[in-house]
Amino acid sequence: MRSGAQPYEDRALKAAAQFFGRELLPLLGVREVIRGVAPTEQVRLEIKDFQEDFNFWMEKGYIYHLEFESDEIVLEDMRRFRCYEAVLSYNYGAEVITCVVCTGRKGKVTDRIKEGINVYRVRLLWLRDGDADQVLREAEERQAAGVLDRQSLVQLLLTPLMSGEMTRKERILRSLKMIRGEQEAVDEAEKRQMESVLYALAMKFLTKEELEEVWEVFRMTVLGEILVEHGKEIGIEAFILDNLEENIPRDRIIEKLIRRFSLTRESAESYFQKFVG
């Protein structure tokens with residue numbers, strides 16, 4: 001995951017992890033019971049900031065560490081996974097199992113390396129045999145016929161990890177469209193969780209330019225509306241604090257808020273009370 005995310009983005013990614021662990025891990029062949037989501041950012045000595053994809057506390061007490069790889073797995077990758085495991089285990093005093101979801105159709109993969117007297121292994125999970133194009137096409141046909149069910153929607157969330165002719169950007173966009181347009185199979189809370197999974201995978205796999213294009217669609221989703229509103233609040237808070245530092249009176253700040261952010265007086269006063277007290 002990318003560092004520097006805003007607080008609500010962190011919450012969105014946590015929601016994605018919760019849904020991914022509960023709904024999608026079984027589809028990847030993981031049958032162990034999850035107890036909860038574990039932290040994915042490990043900092044030691046303030047030198048190296050490790051950013052893992054998904055971590056889960058399992059019922060039996062160990063940590064299930066999930067990584068996605070779209071290219072070949074090389075020695076550097078294995079050493080990175082091994083380092084993640086060591087820091088996780090040291091930080092939380094728990095055993096760690098690393099699973100690598102292999103999403104590429106080409107390239108060399110390995111599940112072990114020998115380092116000195118040690119042999120380090122990961123568990124490989126494969127989705128490249130799944131056909132994203134077919135899954136999306138069948139889901140769109142079912143939705144058009146009014147018979148799309150929840151399980152089909154859940155399966156859409158795995159299409160960015162499958163093989164297929166469509167780009168990942170197109171898979172994410174088409175999946176978002178179906179989730180956003182579904183009225184019967186899931187409620188608004190589940191829509192937001194599903195959108196969070198696609199948001200997390202977009203951040204993992206898409207380029208900056210692709211993310212900007214996908215974000216324009218995310219803005220119209222339930223999750224996007226929340227993220228946009230949160231971004232607006234961050235701007236209002238910064239605006240208020242900057243004005244206070246310049247010793248501008250409260251009533252004058254309220255007037256500036258109304259004009260700058262097109263707020264009602266009641267909303268402007270509410271924001272001032274929220275951030276200043």
# chains A, B, ... in the order shown; residues from 1 in each chain; ligands from 1
$ select_by_dssp --residues "stretch 28-265 of chain A" --states "strand (DSSP E or B)" --output "JSON, numbers by chain"
{"A": [34, 35, 36, 37, 41, 42, 43, 44, 48, 49, 50, 51, 54, 55, 56, 57, 58, 63, 64, 65, 66, 67, 68, 69, 96, 97, 98, 99, 100, 101, 102, 112, 113, 114, 115, 118, 119, 120, 121, 123, 124, 125, 126, 131, 163]}
$ select_by_dssp --residues "stretch 32-267 of chain A" --states "alpha helix (DSSP H)" --output "count of residues only"
120
$ atom_distance --atom1 "atom CA of A:Ile253" --atom2 "atom CA of A:Ile234"
15.9 Å
$ residues_around --residues "stretch 129-140 of chain A" --least-positions-apart "2" --cutoff "7 Å" --atoms "only C-alpha atoms" --output "VMD selection string"
chain A and resid 127 142 to 144 148 152 156 159 162 to 166
$ residues_around --residues "A:Glu255" --least-positions-apart "6" --cutoff "10 Å" --atoms "only C-alpha atoms" --output "PyMOL selection string"
chain A and resi 263-265+268-269
$ atom_distance --atom1 "atom CA of A:Leu201" --atom2 "atom CA of A:Gln183"
23.7 Å
$ atom_distance --atom1 "atom CA of A:Leu161" --atom2 "atom CA of A:Leu28"
10.6 Å
$ residues_around --residues "stretch 96-104 of chain A" --least-positions-apart "2" --cutoff "9 Å" --atoms "only C-alpha atoms" --output "number ranges by chain"
A: 28, 62-73, 81-82, 84-86, 88-89, 94, 106-107, 109, 111, 121-128, 160-163
$ write_last_selection --atoms "N, CA and C atoms" --output "compact mmCIF listing (two decimals), in the first residue's frame"
# COMPACT_ATOMS: atom_id res chain seq x y z
N LEU A 28 -9.59 -17.84 -2.43
CA LEU A 28 -8.20 -18.08 -2.79
C LEU A 28 -7.70 -19.41 -2.24
N TYR A 62 -1.57 -16.94 14.88
CA TYR A 62 -0.49 -16.49 14.00
C TYR A 62 -1.00 -15.40 13.05
N ILE A 63 -0.07 -14.77 12.35
CA ILE A 63 -0.41 -13.71 11.41
C ILE A 63 -0.32 -14.25 9.99
N TYR A 64 -1.35 -13.99 9.21
CA TYR A 64 -1.39 -14.37 7.80
C TYR A 64 -1.05 -13.13 7.00
N HIS A 65 0.10 -13.14 6.33
CA HIS A 65 0.59 -11.98 5.59
C HIS A 65 0.40 -12.22 4.10
N LEU A 66 -0.34 -11.31 3.44
CA LEU A 66 -0.70 -11.50 2.04
C LEU A 66 -0.02 -10.43 1.19
N GLU A 67 0.64 -10.88 0.11
CA GLU A 67 1.27 -9.97 -0.84
C GLU A 67 0.79 -10.30 -2.25
N PHE A 68 0.67 -9.26 -3.09
CA PHE A 68 0.29 -9.45 -4.48
C PHE A 68 1.49 -9.19 -5.38
N GLU A 69 1.73 -10.07 -6.33
CA GLU A 69 2.82 -9.88 -7.28
C GLU A 69 2.32 -10.14 -8.70
N SER A 70 2.46 -9.13 -9.56
CA SER A 70 1.99 -9.26 -10.94
C SER A 70 3.10 -9.66 -11.89
N ASP A 71 4.35 -9.57 -11.44
CA ASP A 71 5.48 -9.94 -12.28
C ASP A 71 6.15 -11.18 -11.70
N GLU A 72 7.28 -11.55 -12.26
CA GLU A 72 8.01 -12.69 -11.74
C GLU A 72 8.51 -12.40 -10.33
N ILE A 73 8.63 -13.44 -9.53
CA ILE A 73 9.13 -13.30 -8.17
C ILE A 73 10.63 -13.57 -8.20
N PHE A 81 10.07 -10.22 1.33
CA PHE A 81 9.05 -10.95 2.08
C PHE A 81 9.62 -11.49 3.39
N ARG A 82 10.83 -12.00 3.32
CA ARG A 82 11.46 -12.55 4.52
C ARG A 82 11.67 -11.46 5.57
N TYR A 84 9.84 -8.67 5.83
CA TYR A 84 8.52 -8.37 6.37
C TYR A 84 8.17 -9.34 7.50
N GLU A 85 8.37 -10.61 7.23
CA GLU A 85 8.03 -11.64 8.22
C GLU A 85 8.80 -11.46 9.51
N ALA A 86 10.11 -11.20 9.37
CA ALA A 86 10.96 -11.08 10.57
C ALA A 86 10.50 -9.92 11.44
N LEU A 88 7.49 -8.38 11.41
CA LEU A 88 6.16 -8.68 11.95
C LEU A 88 6.25 -9.60 13.17
N SER A 89 7.03 -10.66 13.02
CA SER A 89 7.17 -11.62 14.11
C SER A 89 7.80 -10.98 15.33
N ALA A 94 4.65 -13.19 17.23
CA ALA A 94 3.76 -14.20 16.65
C ALA A 94 4.42 -14.86 15.45
N LYS A 106 3.09 -14.33 -16.98
CA LYS A 106 4.43 -14.66 -17.43
C LYS A 106 5.40 -14.48 -16.27
N GLY A 107 6.61 -14.98 -16.49
CA GLY A 107 7.64 -14.75 -15.49
C GLY A 107 7.90 -15.96 -14.62
N VAL A 109 8.57 -17.81 -11.06
CA VAL A 109 8.19 -17.68 -9.66
C VAL A 109 8.87 -18.79 -8.86
N ASP A 111 8.98 -20.39 -4.59
CA ASP A 111 8.36 -20.31 -3.27
C ASP A 111 9.39 -20.45 -2.15
N ARG A 121 10.53 -19.96 3.00
CA ARG A 121 9.47 -20.37 2.08
C ARG A 121 8.25 -19.45 2.21
N VAL A 122 7.54 -19.29 1.10
CA VAL A 122 6.24 -18.63 1.10
C VAL A 122 5.23 -19.59 0.49
N ARG A 123 3.97 -19.29 0.70
CA ARG A 123 2.90 -20.09 0.08
C ARG A 123 2.38 -19.34 -1.13
N LEU A 124 2.35 -19.98 -2.29
CA LEU A 124 1.89 -19.35 -3.51
C LEU A 124 0.41 -19.63 -3.73
N LEU A 125 -0.33 -18.57 -4.07
CA LEU A 125 -1.75 -18.68 -4.40
C LEU A 125 -1.92 -18.18 -5.82
N TRP A 126 -2.59 -18.96 -6.65
CA TRP A 126 -2.69 -18.63 -8.06
C TRP A 126 -4.10 -18.21 -8.46
N LEU A 127 -4.17 -17.10 -9.20
CA LEU A 127 -5.43 -16.68 -9.80
C LEU A 127 -5.29 -16.47 -11.30
N ARG A 128 -4.11 -16.70 -11.82
CA ARG A 128 -3.90 -16.37 -13.23
C ARG A 128 -4.68 -17.29 -14.17
N PRO A 160 -9.22 -8.07 -10.82
CA PRO A 160 -7.92 -7.44 -11.05
C PRO A 160 -6.74 -8.39 -10.82
N LEU A 161 -7.00 -9.53 -10.17
CA LEU A 161 -5.93 -10.49 -9.87
C LEU A 161 -5.90 -11.64 -10.86
N MET A 162 -6.88 -11.68 -11.77
CA MET A 162 -6.97 -12.79 -12.72
C MET A 162 -6.25 -12.45 -14.02
N SER A 163 -6.17 -13.43 -14.91
CA SER A 163 -5.67 -13.18 -16.25
C SER A 163 -6.81 -12.70 -17.12
$ residues_around --residues "A:Glu23" --least-positions-apart "2" --cutoff "12 Å" --atoms "only C-alpha atoms" --output "compact mmCIF listing (two decimals) with N, CA and C atoms, in the first residue's frame"
# COMPACT_ATOMS: atom_id res chain seq x y z
N ALA A 15 -11.17 -1.19 5.86
CA ALA A 15 -12.44 -1.82 5.49
C ALA A 15 -12.23 -2.82 4.37
N ALA A 16 -11.34 -2.47 3.44
CA ALA A 16 -11.02 -3.39 2.34
C ALA A 16 -10.40 -4.66 2.89
N ALA A 17 -9.48 -4.51 3.84
CA ALA A 17 -8.82 -5.67 4.43
C ALA A 17 -9.82 -6.57 5.14
N GLN A 18 -10.75 -5.96 5.87
CA GLN A 18 -11.76 -6.75 6.58
C GLN A 18 -12.62 -7.55 5.61
N PHE A 19 -13.06 -6.89 4.54
CA PHE A 19 -13.91 -7.58 3.57
C PHE A 19 -13.10 -8.62 2.81
N PHE A 20 -11.87 -8.28 2.44
CA PHE A 20 -11.03 -9.22 1.71
C PHE A 20 -10.80 -10.47 2.54
N GLY A 21 -10.50 -10.29 3.82
CA GLY A 21 -10.25 -11.44 4.67
C GLY A 21 -11.47 -12.31 4.87
N LEU A 25 -10.58 -14.36 0.89
CA LEU A 25 -9.57 -15.37 1.20
C LEU A 25 -10.07 -16.79 0.96
N PRO A 26 -11.30 -17.13 1.35
CA PRO A 26 -11.79 -18.49 1.06
C PRO A 26 -11.79 -18.80 -0.44
N LEU A 27 -12.03 -17.78 -1.27
CA LEU A 27 -12.01 -18.01 -2.71
C LEU A 27 -10.60 -18.23 -3.24
N LEU A 28 -9.59 -17.84 -2.43
CA LEU A 28 -8.20 -18.08 -2.79
C LEU A 28 -7.70 -19.41 -2.24
N GLY A 29 -8.58 -20.14 -1.57
CA GLY A 29 -8.21 -21.45 -1.04
C GLY A 29 -7.73 -21.43 0.39
N VAL A 30 -7.87 -20.29 1.09
CA VAL A 30 -7.44 -20.18 2.49
C VAL A 30 -8.62 -20.53 3.37
N ARG A 31 -8.52 -21.60 4.14
CA ARG A 31 -9.65 -22.08 4.92
C ARG A 31 -9.53 -21.77 6.42
N VAL A 33 -9.50 -19.73 9.94
CA VAL A 33 -10.44 -18.72 10.44
C VAL A 33 -9.68 -17.46 10.84
N ILE A 34 -10.15 -16.30 10.36
CA ILE A 34 -9.53 -15.01 10.67
C ILE A 34 -10.13 -14.44 11.95
N ARG A 150 -25.19 -11.77 -4.88
CA ARG A 150 -24.08 -11.24 -4.08
C ARG A 150 -22.77 -11.96 -4.38
N GLN A 151 -22.82 -13.29 -4.52
CA GLN A 151 -21.60 -14.05 -4.77
C GLN A 151 -20.93 -13.63 -6.07
N SER A 152 -21.73 -13.32 -7.08
CA SER A 152 -21.16 -12.86 -8.35
C SER A 152 -20.48 -11.51 -8.18
N LEU A 153 -21.07 -10.64 -7.37
CA LEU A 153 -20.45 -9.35 -7.10
C LEU A 153 -19.13 -9.52 -6.35
N VAL A 154 -19.13 -10.42 -5.37
CA VAL A 154 -17.90 -10.67 -4.62
C VAL A 154 -16.80 -11.17 -5.56
N GLN A 155 -17.16 -12.03 -6.49
CA GLN A 155 -16.16 -12.58 -7.42
C GLN A 155 -15.56 -11.48 -8.30
N LEU A 156 -16.33 -10.43 -8.58
CA LEU A 156 -15.80 -9.32 -9.36
C LEU A 156 -14.57 -8.70 -8.73
N LEU A 157 -14.50 -8.73 -7.41
CA LEU A 157 -13.41 -8.09 -6.70
C LEU A 157 -12.07 -8.79 -6.95
N LEU A 158 -12.14 -10.03 -7.43
CA LEU A 158 -10.92 -10.77 -7.73
C LEU A 158 -10.47 -10.59 -9.17
N GLU A 190 -22.36 -2.72 2.30
CA GLU A 190 -21.55 -3.70 1.58
C GLU A 190 -20.98 -3.12 0.29
N GLN A 193 -17.84 -1.40 1.26
CA GLN A 193 -16.76 -2.34 1.52
C GLN A 193 -16.18 -2.89 0.21
N MET A 194 -17.05 -3.23 -0.74
CA MET A 194 -16.58 -3.74 -2.02
C MET A 194 -15.79 -2.68 -2.77
N VAL A 197 -12.29 -2.49 -1.47
CA VAL A 197 -11.38 -3.52 -1.99
C VAL A 197 -10.83 -3.09 -3.34
$ closest_residue --among "A:Ile248, A:Val87, A:Ile240, A:Leu211" --to "A:Arg260" --atoms "only C-alpha atoms"
A:Ile240
$ decode --residues "stretch 119-234 of chain A" --atoms "C-alpha atoms" --output "compact mmCIF listing (two decimals), in the first residue's frame"
# COMPACT_ATOMS: atom_id res chain seq x y z
CA VAL A 119 15.60 -22.03 3.93
CA TYR A 120 12.82 -19.44 3.64
CA ARG A 121 9.47 -20.37 2.08
CA VAL A 122 6.24 -18.63 1.10
CA ARG A 123 2.90 -20.09 0.08
CA LEU A 124 1.89 -19.35 -3.51
CA LEU A 125 -1.75 -18.68 -4.40
CA TRP A 126 -2.69 -18.63 -8.06
CA LEU A 127 -5.43 -16.68 -9.80
CA ARG A 128 -3.90 -16.37 -13.23
CA ASP A 129 -5.99 -19.31 -14.50
CA GLY A 130 -9.17 -17.33 -13.81
CA ASP A 131 -10.54 -15.45 -16.82
CA ALA A 132 -11.45 -11.90 -15.78
CA ASP A 133 -13.07 -11.17 -19.15
CA GLN A 134 -15.48 -14.08 -18.78
CA VAL A 135 -16.31 -13.29 -15.15
CA LEU A 136 -17.11 -9.67 -16.01
CA ARG A 137 -19.10 -10.57 -19.10
CA GLU A 138 -21.23 -13.13 -17.27
CA ALA A 139 -21.83 -10.74 -14.36
CA GLU A 140 -22.93 -7.98 -16.74
CA GLU A 141 -25.34 -10.37 -18.46
CA ARG A 142 -26.77 -11.46 -15.11
CA GLN A 143 -27.18 -7.87 -13.97
CA ALA A 144 -28.92 -6.94 -17.23
CA ALA A 145 -31.31 -9.85 -16.67
CA GLY A 146 -31.92 -8.78 -13.07
CA VAL A 147 -30.50 -11.97 -11.57
CA LEU A 148 -27.07 -10.83 -10.37
CA ASP A 149 -26.43 -12.24 -6.88
CA ARG A 150 -24.08 -11.24 -4.08
CA GLN A 151 -21.60 -14.05 -4.77
CA SER A 152 -21.16 -12.86 -8.35
CA LEU A 153 -20.45 -9.35 -7.10
CA VAL A 154 -17.90 -10.67 -4.62
CA GLN A 155 -16.16 -12.58 -7.42
CA LEU A 156 -15.80 -9.32 -9.36
CA LEU A 157 -13.41 -8.09 -6.70
CA LEU A 158 -10.92 -10.77 -7.73
CA THR A 159 -10.90 -9.84 -11.43
CA PRO A 160 -7.92 -7.44 -11.05
CA LEU A 161 -5.93 -10.49 -9.87
CA MET A 162 -6.97 -12.79 -12.72
CA SER A 163 -5.67 -13.18 -16.25
CA GLY A 164 -7.52 -11.78 -19.24
CA GLU A 165 -7.29 -9.42 -22.19
CA MET A 166 -8.75 -6.40 -20.39
CA THR A 167 -6.41 -4.04 -18.59
CA ARG A 168 -6.67 -3.89 -14.81
CA LYS A 169 -7.98 -0.35 -15.10
CA GLU A 170 -10.87 -1.52 -17.29
CA ARG A 171 -11.66 -4.42 -14.95
CA ILE A 172 -11.81 -2.09 -11.97
CA LEU A 173 -13.96 0.46 -13.81
CA ARG A 174 -16.44 -2.14 -15.07
CA SER A 175 -16.64 -3.78 -11.64
CA LEU A 176 -17.26 -0.39 -10.01
CA LYS A 177 -20.04 0.33 -12.47
CA MET A 178 -21.81 -2.95 -11.65
CA ILE A 179 -21.43 -2.53 -7.89
CA ARG A 180 -22.65 1.06 -8.01
CA GLY A 181 -25.64 0.13 -10.15
CA GLU A 182 -26.77 -2.91 -8.15
CA GLN A 183 -29.90 -2.29 -6.09
CA GLU A 184 -30.96 -5.74 -4.88
CA ALA A 185 -27.99 -8.02 -4.12
CA VAL A 186 -26.16 -5.82 -1.57
CA ASP A 187 -26.89 -2.87 0.70
CA GLU A 188 -25.04 0.45 0.82
CA ALA A 189 -22.67 -0.67 3.59
CA GLU A 190 -21.55 -3.70 1.58
CA LYS A 191 -21.19 -1.57 -1.53
CA ARG A 192 -18.78 0.67 0.36
CA GLN A 193 -16.76 -2.34 1.52
CA MET A 194 -16.58 -3.74 -2.02
CA GLU A 195 -15.55 -0.35 -3.38
CA SER A 196 -12.86 -0.24 -0.71
CA VAL A 197 -11.38 -3.52 -1.99
CA LEU A 198 -11.24 -2.19 -5.55
CA TYR A 199 -9.77 1.07 -4.24
CA ALA A 200 -7.01 -0.86 -2.46
CA LEU A 201 -6.22 -2.94 -5.55
CA ALA A 202 -6.21 0.17 -7.75
CA MET A 203 -3.65 1.76 -5.43
CA LYS A 204 -1.58 -1.42 -5.60
CA PHE A 205 -1.55 -2.05 -9.35
CA LEU A 206 -2.41 1.10 -11.33
CA THR A 207 -0.08 3.85 -12.49
CA LYS A 208 -0.50 7.42 -11.30
CA GLU A 209 -2.18 8.38 -14.58
CA GLU A 210 -4.55 5.40 -14.42
CA LEU A 211 -5.40 6.20 -10.78
CA GLU A 212 -6.38 9.75 -11.72
CA GLU A 213 -8.77 8.40 -14.34
CA VAL A 214 -10.22 5.75 -12.04
CA TRP A 215 -10.64 8.33 -9.26
CA GLU A 216 -13.11 10.26 -11.42
CA VAL A 217 -15.35 7.18 -11.28
CA PHE A 218 -14.67 6.52 -7.59
CA ARG A 219 -15.86 10.06 -6.84
CA MET A 220 -19.39 8.99 -7.82
CA THR A 221 -19.45 5.93 -5.54
CA VAL A 222 -20.53 5.73 -1.91
CA LEU A 223 -16.89 5.41 -0.84
CA GLY A 224 -15.83 8.27 -3.13
CA GLU A 225 -18.43 10.63 -1.70
CA ILE A 226 -17.12 9.93 1.80
CA LEU A 227 -13.48 10.43 0.75
CA VAL A 228 -14.33 13.68 -1.03
CA GLU A 229 -16.22 14.95 2.01
CA HIS A 230 -13.30 14.04 4.24
CA GLY A 231 -10.92 15.86 1.91
CA LYS A 232 -13.17 18.91 2.12
CA GLU A 233 -13.07 18.77 5.92
CA ILE A 234 -9.27 18.64 5.87
